[in-house]
>>> print(open('input-v4.cif').read())   # mmCIF, N, CA and C atoms
data_my_file
loop_
_atom_site.label_atom_id
_atom_site.label_comp_id
_atom_site.auth_asym_id
_atom_site.auth_seq_id
_atom_site.Cartn_x
_atom_site.Cartn_y
_atom_site.Cartn_z
N MET Q 1 -32.77 -8.52 -34.97
CA MET Q 1 -31.78 -9.46 -34.46
C MET Q 1 -30.36 -9.00 -34.82
N LEU Q 2 -30.19 -8.57 -36.04
CA LEU Q 2 -28.88 -8.11 -36.47
C LEU Q 2 -28.46 -6.87 -35.70
N LEU Q 3 -29.39 -5.95 -35.49
CA LEU Q 3 -29.07 -4.74 -34.74
C LEU Q 3 -28.68 -5.08 -33.30
N GLU Q 4 -29.37 -6.04 -32.70
CA GLU Q 4 -29.05 -6.46 -31.34
C GLU Q 4 -27.62 -6.98 -31.26
N LYS Q 5 -27.24 -7.80 -32.23
CA LYS Q 5 -25.90 -8.36 -32.26
C LYS Q 5 -24.85 -7.27 -32.47
N ASP Q 6 -25.16 -6.30 -33.34
CA ASP Q 6 -24.25 -5.18 -33.57
C ASP Q 6 -24.06 -4.37 -32.29
N ALA Q 7 -25.13 -4.10 -31.59
CA ALA Q 7 -25.06 -3.33 -30.34
C ALA Q 7 -24.23 -4.09 -29.32
N GLU Q 8 -24.42 -5.39 -29.24
CA GLU Q 8 -23.65 -6.22 -28.31
C GLU Q 8 -22.17 -6.19 -28.66
N THR Q 9 -21.85 -6.26 -29.93
CA THR Q 9 -20.46 -6.20 -30.39
C THR Q 9 -19.84 -4.85 -30.04
N ILE Q 10 -20.58 -3.79 -30.24
CA ILE Q 10 -20.07 -2.45 -29.93
C ILE Q 10 -19.80 -2.33 -28.44
N LEU Q 11 -20.73 -2.82 -27.61
CA LEU Q 11 -20.53 -2.77 -26.16
C LEU Q 11 -19.31 -3.58 -25.74
N MET Q 12 -19.13 -4.77 -26.33
CA MET Q 12 -17.97 -5.60 -26.01
C MET Q 12 -16.69 -4.89 -26.41
N MET Q 13 -16.71 -4.23 -27.58
CA MET Q 13 -15.53 -3.50 -28.02
C MET Q 13 -15.21 -2.36 -27.05
N LYS Q 14 -16.24 -1.67 -26.56
CA LYS Q 14 -16.01 -0.58 -25.61
C LYS Q 14 -15.42 -1.13 -24.32
N ASP Q 15 -15.93 -2.27 -23.84
CA ASP Q 15 -15.40 -2.87 -22.63
C ASP Q 15 -13.94 -3.26 -22.82
N GLU Q 16 -13.62 -3.86 -23.96
CA GLU Q 16 -12.24 -4.24 -24.25
C GLU Q 16 -11.36 -3.00 -24.33
N ASP Q 17 -11.88 -1.95 -24.92
CA ASP Q 17 -11.16 -0.70 -25.03
C ASP Q 17 -10.85 -0.13 -23.64
N ILE Q 18 -11.84 -0.18 -22.77
CA ILE Q 18 -11.65 0.32 -21.40
C ILE Q 18 -10.58 -0.51 -20.69
N LEU Q 19 -10.64 -1.82 -20.85
CA LEU Q 19 -9.65 -2.70 -20.22
C LEU Q 19 -8.25 -2.44 -20.78
N ASP Q 20 -8.17 -2.21 -22.08
CA ASP Q 20 -6.87 -1.88 -22.69
C ASP Q 20 -6.34 -0.57 -22.13
N GLN Q 21 -7.22 0.41 -22.01
CA GLN Q 21 -6.81 1.70 -21.47
C GLN Q 21 -6.41 1.57 -19.99
N ALA Q 22 -7.11 0.72 -19.26
CA ALA Q 22 -6.75 0.48 -17.85
C ALA Q 22 -5.36 -0.13 -17.74
N GLU Q 23 -5.06 -1.03 -18.65
CA GLU Q 23 -3.72 -1.64 -18.65
C GLU Q 23 -2.65 -0.59 -18.98
N SER Q 24 -2.95 0.28 -19.93
CA SER Q 24 -2.02 1.36 -20.26
C SER Q 24 -1.84 2.29 -19.06
N PHE Q 25 -2.92 2.59 -18.37
CA PHE Q 25 -2.88 3.44 -17.18
C PHE Q 25 -2.02 2.77 -16.10
N ALA Q 26 -2.17 1.47 -15.93
CA ALA Q 26 -1.37 0.74 -14.94
C ALA Q 26 0.11 0.82 -15.27
N HIS Q 27 0.45 0.73 -16.54
CA HIS Q 27 1.85 0.86 -16.95
C HIS Q 27 2.37 2.27 -16.65
N LEU Q 28 1.53 3.27 -16.91
CA LEU Q 28 1.93 4.64 -16.58
C LEU Q 28 2.17 4.80 -15.08
N LEU Q 29 1.29 4.23 -14.27
CA LEU Q 29 1.47 4.27 -12.82
C LEU Q 29 2.77 3.60 -12.41
N HIS Q 30 3.01 2.43 -12.97
CA HIS Q 30 4.21 1.67 -12.63
C HIS Q 30 5.48 2.45 -12.97
N ASN Q 31 5.44 3.20 -14.04
CA ASN Q 31 6.61 3.95 -14.48
C ASN Q 31 6.67 5.36 -13.89
N SER Q 32 5.69 5.73 -13.08
CA SER Q 32 5.69 7.07 -12.50
C SER Q 32 6.84 7.23 -11.51
N SER Q 33 7.28 8.46 -11.33
CA SER Q 33 8.39 8.71 -10.40
C SER Q 33 8.00 8.34 -8.98
N GLU Q 34 6.74 8.54 -8.61
CA GLU Q 34 6.28 8.20 -7.26
C GLU Q 34 6.37 6.69 -7.01
N PHE Q 35 5.92 5.91 -7.97
CA PHE Q 35 5.95 4.46 -7.79
C PHE Q 35 7.38 3.93 -7.82
N GLN Q 36 8.19 4.47 -8.71
CA GLN Q 36 9.58 4.03 -8.80
C GLN Q 36 10.35 4.39 -7.53
N ALA Q 37 10.07 5.57 -6.98
CA ALA Q 37 10.71 5.96 -5.71
C ALA Q 37 10.31 5.01 -4.60
N PHE Q 38 9.04 4.61 -4.59
CA PHE Q 38 8.55 3.66 -3.59
C PHE Q 38 9.27 2.32 -3.74
N LEU Q 39 9.34 1.80 -4.95
CA LEU Q 39 10.01 0.52 -5.19
C LEU Q 39 11.48 0.59 -4.78
N ASN Q 40 12.14 1.67 -5.15
CA ASN Q 40 13.56 1.83 -4.80
C ASN Q 40 13.75 1.87 -3.30
N ALA Q 41 12.89 2.60 -2.60
CA ALA Q 41 12.98 2.70 -1.14
C ALA Q 41 12.70 1.35 -0.49
N GLN Q 42 11.73 0.62 -1.04
CA GLN Q 42 11.40 -0.70 -0.52
C GLN Q 42 12.57 -1.67 -0.68
N GLN Q 43 13.19 -1.63 -1.84
CA GLN Q 43 14.33 -2.51 -2.10
C GLN Q 43 15.53 -2.12 -1.23
N ALA Q 44 15.76 -0.82 -1.08
CA ALA Q 44 16.88 -0.35 -0.25
C ALA Q 44 16.66 -0.77 1.21
N MET Q 45 15.43 -0.67 1.68
CA MET Q 45 15.13 -1.09 3.04
C MET Q 45 15.36 -2.59 3.21
N GLY Q 46 15.02 -3.35 2.19
CA GLY Q 46 15.23 -4.80 2.23
C GLY Q 46 16.69 -5.19 2.25
N ARG Q 47 17.54 -4.35 1.67
CA ARG Q 47 18.98 -4.63 1.65
C ARG Q 47 19.72 -4.07 2.86
N ASP Q 48 19.07 -3.20 3.61
CA ASP Q 48 19.73 -2.52 4.73
C ASP Q 48 19.69 -3.41 5.97
N SER Q 49 20.86 -3.88 6.40
CA SER Q 49 20.91 -4.82 7.54
C SER Q 49 20.45 -4.16 8.84
N ASP Q 50 20.75 -2.88 9.04
CA ASP Q 50 20.29 -2.19 10.25
C ASP Q 50 18.76 -2.12 10.28
N ALA Q 51 18.19 -1.78 9.15
CA ALA Q 51 16.73 -1.69 9.06
C ALA Q 51 16.10 -3.06 9.30
N GLN Q 52 16.66 -4.08 8.68
CA GLN Q 52 16.09 -5.43 8.83
C GLN Q 52 16.20 -5.91 10.28
N ARG Q 53 17.30 -5.62 10.92
CA ARG Q 53 17.49 -6.01 12.32
C ARG Q 53 16.48 -5.28 13.21
N ALA Q 54 16.32 -3.99 12.99
CA ALA Q 54 15.38 -3.19 13.79
C ALA Q 54 13.94 -3.67 13.59
N ILE Q 55 13.59 -3.97 12.35
CA ILE Q 55 12.24 -4.47 12.05
C ILE Q 55 12.03 -5.82 12.71
N ARG Q 56 13.00 -6.70 12.60
CA ARG Q 56 12.89 -8.04 13.19
C ARG Q 56 12.74 -7.95 14.71
N ASP Q 57 13.56 -7.13 15.36
CA ASP Q 57 13.48 -6.98 16.82
C ASP Q 57 12.12 -6.43 17.23
N PHE Q 58 11.63 -5.45 16.48
CA PHE Q 58 10.32 -4.87 16.79
C PHE Q 58 9.21 -5.90 16.60
N GLN Q 59 9.25 -6.65 15.50
CA GLN Q 59 8.22 -7.66 15.24
C GLN Q 59 8.22 -8.74 16.31
N GLN Q 60 9.39 -9.14 16.77
CA GLN Q 60 9.47 -10.14 17.84
C GLN Q 60 8.82 -9.61 19.12
N MET Q 61 9.09 -8.37 19.45
CA MET Q 61 8.51 -7.77 20.65
C MET Q 61 7.00 -7.59 20.47
N GLN Q 62 6.57 -7.27 19.26
CA GLN Q 62 5.14 -7.15 18.97
C GLN Q 62 4.44 -8.49 19.20
N GLN Q 63 5.05 -9.58 18.73
CA GLN Q 63 4.48 -10.91 18.94
C GLN Q 63 4.38 -11.22 20.42
N LYS Q 64 5.41 -10.86 21.16
CA LYS Q 64 5.39 -11.08 22.60
C LYS Q 64 4.25 -10.28 23.23
N ALA Q 65 4.04 -9.06 22.77
CA ALA Q 65 2.97 -8.21 23.28
C ALA Q 65 1.60 -8.81 22.98
N GLN Q 66 1.43 -9.36 21.78
CA GLN Q 66 0.16 -9.97 21.42
C GLN Q 66 -0.12 -11.19 22.30
N GLN Q 67 0.91 -11.98 22.55
CA GLN Q 67 0.74 -13.14 23.42
C GLN Q 67 0.45 -12.70 24.86
N ALA Q 68 1.09 -11.64 25.30
CA ALA Q 68 0.91 -11.17 26.67
C ALA Q 68 -0.49 -10.62 26.91
N ARG Q 69 -1.15 -10.16 25.85
CA ARG Q 69 -2.53 -9.66 26.01
C ARG Q 69 -3.43 -10.70 26.65
N PHE Q 70 -3.19 -11.96 26.38
CA PHE Q 70 -4.02 -13.04 26.93
C PHE Q 70 -3.71 -13.30 28.40
N PHE Q 71 -2.59 -12.79 28.86
CA PHE Q 71 -2.17 -13.05 30.24
C PHE Q 71 -2.00 -11.76 31.04
N GLY Q 72 -2.79 -10.76 30.71
CA GLY Q 72 -2.76 -9.54 31.50
C GLY Q 72 -1.94 -8.41 30.92
N GLY Q 73 -1.35 -8.57 29.79
CA GLY Q 73 -0.62 -7.49 29.14
C GLY Q 73 0.86 -7.48 29.47
N LEU Q 74 1.54 -6.52 28.84
CA LEU Q 74 2.97 -6.38 29.04
C LEU Q 74 3.25 -5.63 30.35
N LYS Q 75 4.38 -5.93 30.91
CA LYS Q 75 4.86 -5.19 32.07
C LYS Q 75 5.31 -3.82 31.59
N PRO Q 76 5.36 -2.83 32.47
CA PRO Q 76 5.77 -1.47 32.05
C PRO Q 76 7.12 -1.43 31.34
N ASP Q 77 8.10 -2.20 31.83
CA ASP Q 77 9.42 -2.18 31.17
C ASP Q 77 9.35 -2.81 29.78
N GLU Q 78 8.45 -3.77 29.59
CA GLU Q 78 8.28 -4.39 28.27
C GLU Q 78 7.59 -3.40 27.31
N MET Q 79 6.64 -2.63 27.84
CA MET Q 79 5.99 -1.61 27.02
C MET Q 79 7.00 -0.54 26.60
N ASP Q 80 7.86 -0.17 27.54
CA ASP Q 80 8.92 0.80 27.22
C ASP Q 80 9.82 0.25 26.12
N ARG Q 81 10.15 -1.01 26.22
CA ARG Q 81 11.02 -1.67 25.22
C ARG Q 81 10.32 -1.68 23.85
N LEU Q 82 9.03 -1.97 23.84
CA LEU Q 82 8.28 -1.99 22.59
C LEU Q 82 8.28 -0.60 21.95
N ARG Q 83 8.03 0.43 22.73
CA ARG Q 83 8.04 1.80 22.22
C ARG Q 83 9.44 2.18 21.70
N TYR Q 84 10.45 1.77 22.44
CA TYR Q 84 11.82 2.06 22.02
C TYR Q 84 12.14 1.38 20.68
N LEU Q 85 11.74 0.12 20.55
CA LEU Q 85 12.00 -0.61 19.31
C LEU Q 85 11.23 0.00 18.13
N GLN Q 86 10.00 0.43 18.39
CA GLN Q 86 9.22 1.08 17.34
C GLN Q 86 9.90 2.38 16.90
N LYS Q 87 10.35 3.16 17.87
CA LYS Q 87 11.04 4.41 17.57
C LYS Q 87 12.32 4.13 16.78
N THR Q 88 13.04 3.09 17.17
CA THR Q 88 14.28 2.71 16.49
C THR Q 88 14.00 2.37 15.02
N VAL Q 89 12.95 1.61 14.79
CA VAL Q 89 12.58 1.25 13.41
C VAL Q 89 12.30 2.51 12.62
N LEU Q 90 11.45 3.38 13.17
CA LEU Q 90 11.03 4.56 12.43
C LEU Q 90 12.14 5.58 12.22
N GLU Q 91 13.19 5.52 13.05
CA GLU Q 91 14.31 6.43 12.90
C GLU Q 91 15.43 5.88 12.02
N THR Q 92 15.32 4.63 11.62
CA THR Q 92 16.32 4.04 10.73
C THR Q 92 16.20 4.73 9.37
N PRO Q 93 17.29 5.27 8.83
CA PRO Q 93 17.22 6.04 7.59
C PRO Q 93 16.49 5.33 6.44
N ALA Q 94 16.78 4.06 6.23
CA ALA Q 94 16.14 3.33 5.12
C ALA Q 94 14.63 3.22 5.35
N VAL Q 95 14.23 3.03 6.60
CA VAL Q 95 12.79 2.94 6.91
C VAL Q 95 12.14 4.30 6.74
N LYS Q 96 12.82 5.35 7.19
CA LYS Q 96 12.30 6.71 7.01
C LYS Q 96 12.04 7.01 5.54
N LYS Q 97 13.01 6.67 4.70
CA LYS Q 97 12.85 6.91 3.27
C LYS Q 97 11.70 6.09 2.70
N PHE Q 98 11.57 4.86 3.16
CA PHE Q 98 10.47 4.01 2.69
C PHE Q 98 9.13 4.60 3.10
N VAL Q 99 9.00 5.01 4.35
CA VAL Q 99 7.74 5.58 4.85
C VAL Q 99 7.40 6.85 4.07
N GLN Q 100 8.39 7.69 3.82
CA GLN Q 100 8.16 8.92 3.05
C GLN Q 100 7.71 8.59 1.63
N ALA Q 101 8.38 7.63 1.00
CA ALA Q 101 8.01 7.24 -0.37
C ALA Q 101 6.60 6.65 -0.39
N GLN Q 102 6.28 5.86 0.63
CA GLN Q 102 4.96 5.26 0.71
C GLN Q 102 3.88 6.34 0.88
N GLU Q 103 4.15 7.32 1.73
CA GLU Q 103 3.20 8.41 1.94
C GLU Q 103 2.99 9.21 0.66
N GLN Q 104 4.08 9.46 -0.08
CA GLN Q 104 3.96 10.19 -1.34
C GLN Q 104 3.17 9.38 -2.36
N LEU Q 105 3.40 8.07 -2.39
CA LEU Q 105 2.66 7.22 -3.33
C LEU Q 105 1.18 7.20 -2.98
N VAL Q 106 0.87 7.06 -1.71
CA VAL Q 106 -0.54 7.06 -1.28
C VAL Q 106 -1.19 8.39 -1.66
N GLY Q 107 -0.50 9.50 -1.41
CA GLY Q 107 -1.04 10.80 -1.79
C GLY Q 107 -1.30 10.90 -3.29
N PHE Q 108 -0.37 10.37 -4.07
CA PHE Q 108 -0.52 10.35 -5.52
C PHE Q 108 -1.73 9.52 -5.93
N PHE Q 109 -1.87 8.34 -5.34
CA PHE Q 109 -3.03 7.49 -5.64
C PHE Q 109 -4.33 8.15 -5.21
N GLN Q 110 -4.33 8.85 -4.08
CA GLN Q 110 -5.54 9.54 -3.63
C GLN Q 110 -5.90 10.66 -4.60
N GLU Q 111 -4.88 11.35 -5.08
CA GLU Q 111 -5.13 12.40 -6.07
C GLU Q 111 -5.74 11.82 -7.34
N LEU Q 112 -5.20 10.70 -7.80
CA LEU Q 112 -5.73 10.04 -8.99
C LEU Q 112 -7.17 9.57 -8.76
N ALA Q 113 -7.42 8.99 -7.59
CA ALA Q 113 -8.77 8.53 -7.28
C ALA Q 113 -9.74 9.71 -7.25
N GLY Q 114 -9.27 10.86 -6.76
CA GLY Q 114 -10.11 12.05 -6.76
C GLY Q 114 -10.46 12.49 -8.17
N ILE Q 115 -9.50 12.45 -9.06
CA ILE Q 115 -9.75 12.82 -10.47
C ILE Q 115 -10.74 11.86 -11.09
N ILE Q 116 -10.57 10.57 -10.84
CA ILE Q 116 -11.50 9.57 -11.38
C ILE Q 116 -12.89 9.80 -10.80
N SER Q 117 -12.97 10.01 -9.48
CA SER Q 117 -14.27 10.23 -8.83
C SER Q 117 -14.98 11.44 -9.42
N GLU Q 118 -14.23 12.52 -9.60
CA GLU Q 118 -14.82 13.73 -10.15
C GLU Q 118 -15.33 13.50 -11.57
N THR Q 119 -14.54 12.78 -12.35
CA THR Q 119 -14.89 12.54 -13.74
C THR Q 119 -16.12 11.65 -13.88
N ILE Q 120 -16.20 10.60 -13.07
CA ILE Q 120 -17.33 9.67 -13.19
C ILE Q 120 -18.50 10.06 -12.27
N GLU Q 121 -18.29 11.13 -11.48
CA GLU Q 121 -19.33 11.63 -10.57
C GLU Q 121 -19.79 10.56 -9.59
N MET Q 122 -18.80 9.87 -9.04
CA MET Q 122 -19.05 8.81 -8.05
C MET Q 122 -17.78 8.66 -7.22
N ASP Q 123 -17.94 8.31 -5.96
CA ASP Q 123 -16.77 8.09 -5.11
C ASP Q 123 -16.09 6.80 -5.55
N TYR Q 124 -15.03 6.95 -6.32
CA TYR Q 124 -14.32 5.80 -6.89
C TYR Q 124 -13.79 4.87 -5.80
N SER Q 125 -13.19 5.44 -4.76
CA SER Q 125 -12.62 4.62 -3.67
C SER Q 125 -13.70 3.80 -3.00
N ALA Q 126 -14.85 4.42 -2.72
CA ALA Q 126 -15.95 3.70 -2.06
C ALA Q 126 -16.50 2.62 -3.00
N ALA Q 127 -16.54 2.92 -4.29
CA ALA Q 127 -17.06 1.94 -5.25
C ALA Q 127 -16.14 0.71 -5.34
N CYS Q 128 -14.87 0.89 -5.03
CA CYS Q 128 -13.90 -0.22 -5.11
C CYS Q 128 -13.80 -1.00 -3.79
N ALA Q 129 -14.40 -0.47 -2.73
CA ALA Q 129 -14.32 -1.12 -1.42
C ALA Q 129 -15.19 -2.38 -1.41
N PRO Q 130 -14.82 -3.36 -0.58
CA PRO Q 130 -15.65 -4.56 -0.47
C PRO Q 130 -17.06 -4.20 -0.01
N ALA Q 131 -18.03 -4.85 -0.58
CA ALA Q 131 -19.43 -4.58 -0.23
C ALA Q 131 -19.78 -5.22 1.12
N GLY Q 132 -20.59 -4.51 1.88
CA GLY Q 132 -21.12 -5.08 3.12
C GLY Q 132 -20.19 -5.03 4.30
N GLY Q 133 -18.99 -4.53 4.13
CA GLY Q 133 -18.03 -4.48 5.23
C GLY Q 133 -18.17 -3.17 6.00
N CYS Q 134 -17.76 -3.20 7.23
CA CYS Q 134 -17.82 -1.98 8.03
C CYS Q 134 -16.47 -1.30 8.07
N CYS Q 135 -15.44 -1.95 7.56
CA CYS Q 135 -14.09 -1.40 7.73
C CYS Q 135 -13.41 -1.15 6.42
#
>>> encode(input="input-v4.cif", output="structure tokens")
Amino acid sequence: MLLEKDAETILMMKDEDILDQAESFAHLLHNSSEFQAFLNAQQAMGRDSDAQRAIRDFQQMQQKAQQARFFGGLKPDEMDRLRYLQKTVLETPAVKKFVQAQEQLVGFFQELAGIISETIEMDYSAACAPAGGCC
């Protein structure tokens, strides 16, 4: 009985240790240059009036497009407008920087997931995905 309790205590300590290390890892991620660049780009995009206007105009046209799907779709000139607004958003300097920072952060996270997967000999990303879903 005593040995069982000791083993349980050791396992609990290991779990707590893993959680503590995970928290330390999260702090390292938060302070990484990739994450900080992402946050800075996100904040800069939020402060940029041109970017916000372009995003708002695009989102409004997107909503119109979604509503139009129920009534036969957008007219060709409306589709052209939607493409133009999307291009405008993506060409806005603050949005470009945000997208680049986001892509770099995703690449960094994928690299980290690869290291974890290799170390634990299991697909870490798949293990974290919701069970039973197709997407």
>>> resolve_selection(input="input-v4.cif", expression="the PyMOL selection byres (((chain Q and resi 102 and name CA) around 12) and name CA)", output="PyMOL selection string")
chain Q and resi 34-42+95-101+103-109
>>> residues_around(input="input-v4.cif", residues="Asp50 in chain Q", least_positions_apart="5", cutoff="10 Å", atoms="only C-alpha atoms", output="compact mmCIF listing (two decimals) with N, CA and C atoms, in the frame of the given file")
# COMPACT_ATOMS: atom_id res chain seq x y z
N MET Q 45 15.43 -0.67 1.68
CA MET Q 45 15.13 -1.09 3.04
C MET Q 45 15.36 -2.59 3.21
N ILE Q 55 13.59 -3.97 12.35
CA ILE Q 55 12.24 -4.47 12.05
C ILE Q 55 12.03 -5.82 12.71
N ARG Q 56 13.00 -6.70 12.60
CA ARG Q 56 12.89 -8.04 13.19
C ARG Q 56 12.74 -7.95 14.71
N THR Q 88 13.04 3.09 17.17
CA THR Q 88 14.28 2.71 16.49
C THR Q 88 14.00 2.37 15.02
N VAL Q 89 12.95 1.61 14.79
CA VAL Q 89 12.58 1.25 13.41
C VAL Q 89 12.30 2.51 12.62
N THR Q 92 15.32 4.63 11.62
CA THR Q 92 16.32 4.04 10.73
C THR Q 92 16.20 4.73 9.37
N PRO Q 93 17.29 5.27 8.83
CA PRO Q 93 17.22 6.04 7.59
C PRO Q 93 16.49 5.33 6.44
N ALA Q 94 16.78 4.06 6.23
CA ALA Q 94 16.14 3.33 5.12
C ALA Q 94 14.63 3.22 5.35
N VAL Q 95 14.23 3.03 6.60
CA VAL Q 95 12.79 2.94 6.91
C VAL Q 95 12.14 4.30 6.74
>>> atom_distance(input="input-v4.cif", atom1="CA of Gly46 in chain Q", atom2="CA of Lys64 in chain Q")
23.5 Å
>>> closest_residue(input="input-v4.cif", among="Q:Leu29, Q:Ala51, Q:Met61, Q:Leu112", to="Leu82 in chain Q", atoms="all atoms listed in the file")
Q:Met61
>>> atom_distance(input="input-v4.cif", atom1="atom C of Pro76 in chain Q", atom2="atom C of Ser49 in chain Q")
26.3 Å
>>> atom_distance(input="input-v4.cif", atom1="atom C of Ser32 in chain Q", atom2="CA of Gln110 in chain Q")
14.9 Å
>>> decode(input="input-v4.cif", residues="range 23-36 of chain Q", atoms="N, CA and C atoms", output="JSON list (two decimals), in the first residue's frame")
[["chain", "number", "residue", "atom", "x", "y", "z"],
["Q", 23, "GLU", "N", 4.65, 25.42, -19.16],
["Q", 23, "GLU", "CA", 4.44, 26.85, -18.91],
["Q", 23, "GLU", "C", 5.71, 27.65, -19.23],
["Q", 24, "SER", "N", 6.85, 27.10, -18.86],
["Q", 24, "SER", "CA", 8.12, 27.76, -19.18],
["Q", 24, "SER", "C", 8.32, 27.83, -20.69],
["Q", 25, "PHE", "N", 7.97, 26.76, -21.38],
["Q", 25, "PHE", "CA", 8.06, 26.71, -22.84],
["Q", 25, "PHE", "C", 7.14, 27.77, -23.46],
["Q", 26, "ALA", "N", 5.95, 27.91, -22.92],
["Q", 26, "ALA", "CA", 5.00, 28.91, -23.42],
["Q", 26, "ALA", "C", 5.56, 30.32, -23.25],
["Q", 27, "HIS", "N", 6.22, 30.57, -22.14],
["Q", 27, "HIS", "CA", 6.85, 31.88, -21.93],
["Q", 27, "HIS", "C", 7.97, 32.11, -22.94],
["Q", 28, "LEU", "N", 8.75, 31.06, -23.20],
["Q", 28, "LEU", "CA", 9.81, 31.18, -24.21],
["Q", 28, "LEU", "C", 9.21, 31.50, -25.58],
["Q", 29, "LEU", "N", 8.13, 30.82, -25.93],
["Q", 29, "LEU", "CA", 7.46, 31.09, -27.20],
["Q", 29, "LEU", "C", 6.97, 32.53, -27.26],
["Q", 30, "HIS", "N", 6.35, 32.97, -26.19],
["Q", 30, "HIS", "CA", 5.80, 34.33, -26.14],
["Q", 30, "HIS", "C", 6.90, 35.37, -26.32],
["Q", 31, "ASN", "N", 8.06, 35.10, -25.80],
["Q", 31, "ASN", "CA", 9.17, 36.04, -25.87],
["Q", 31, "ASN", "C", 10.05, 35.86, -27.11],
["Q", 32, "SER", "N", 9.71, 34.88, -27.94],
["Q", 32, "SER", "CA", 10.53, 34.64, -29.14],
["Q", 32, "SER", "C", 10.40, 35.80, -30.12],
["Q", 33, "SER", "N", 11.42, 35.98, -30.93],
["Q", 33, "SER", "CA", 11.39, 37.07, -31.91],
["Q", 33, "SER", "C", 10.26, 36.88, -32.91],
["Q", 34, "GLU", "N", 9.96, 35.63, -33.27],
["Q", 34, "GLU", "CA", 8.88, 35.36, -34.22],
["Q", 34, "GLU", "C", 7.53, 35.78, -33.66],
["Q", 35, "PHE", "N", 7.28, 35.44, -32.41],
["Q", 35, "PHE", "CA", 5.98, 35.79, -31.81],
["Q", 35, "PHE", "C", 5.88, 37.29, -31.58],
["Q", 36, "GLN", "N", 6.97, 37.90, -31.14],
["Q", 36, "GLN", "CA", 6.95, 39.34, -30.90],
["Q", 36, "GLN", "C", 6.76, 40.11, -32.21]]
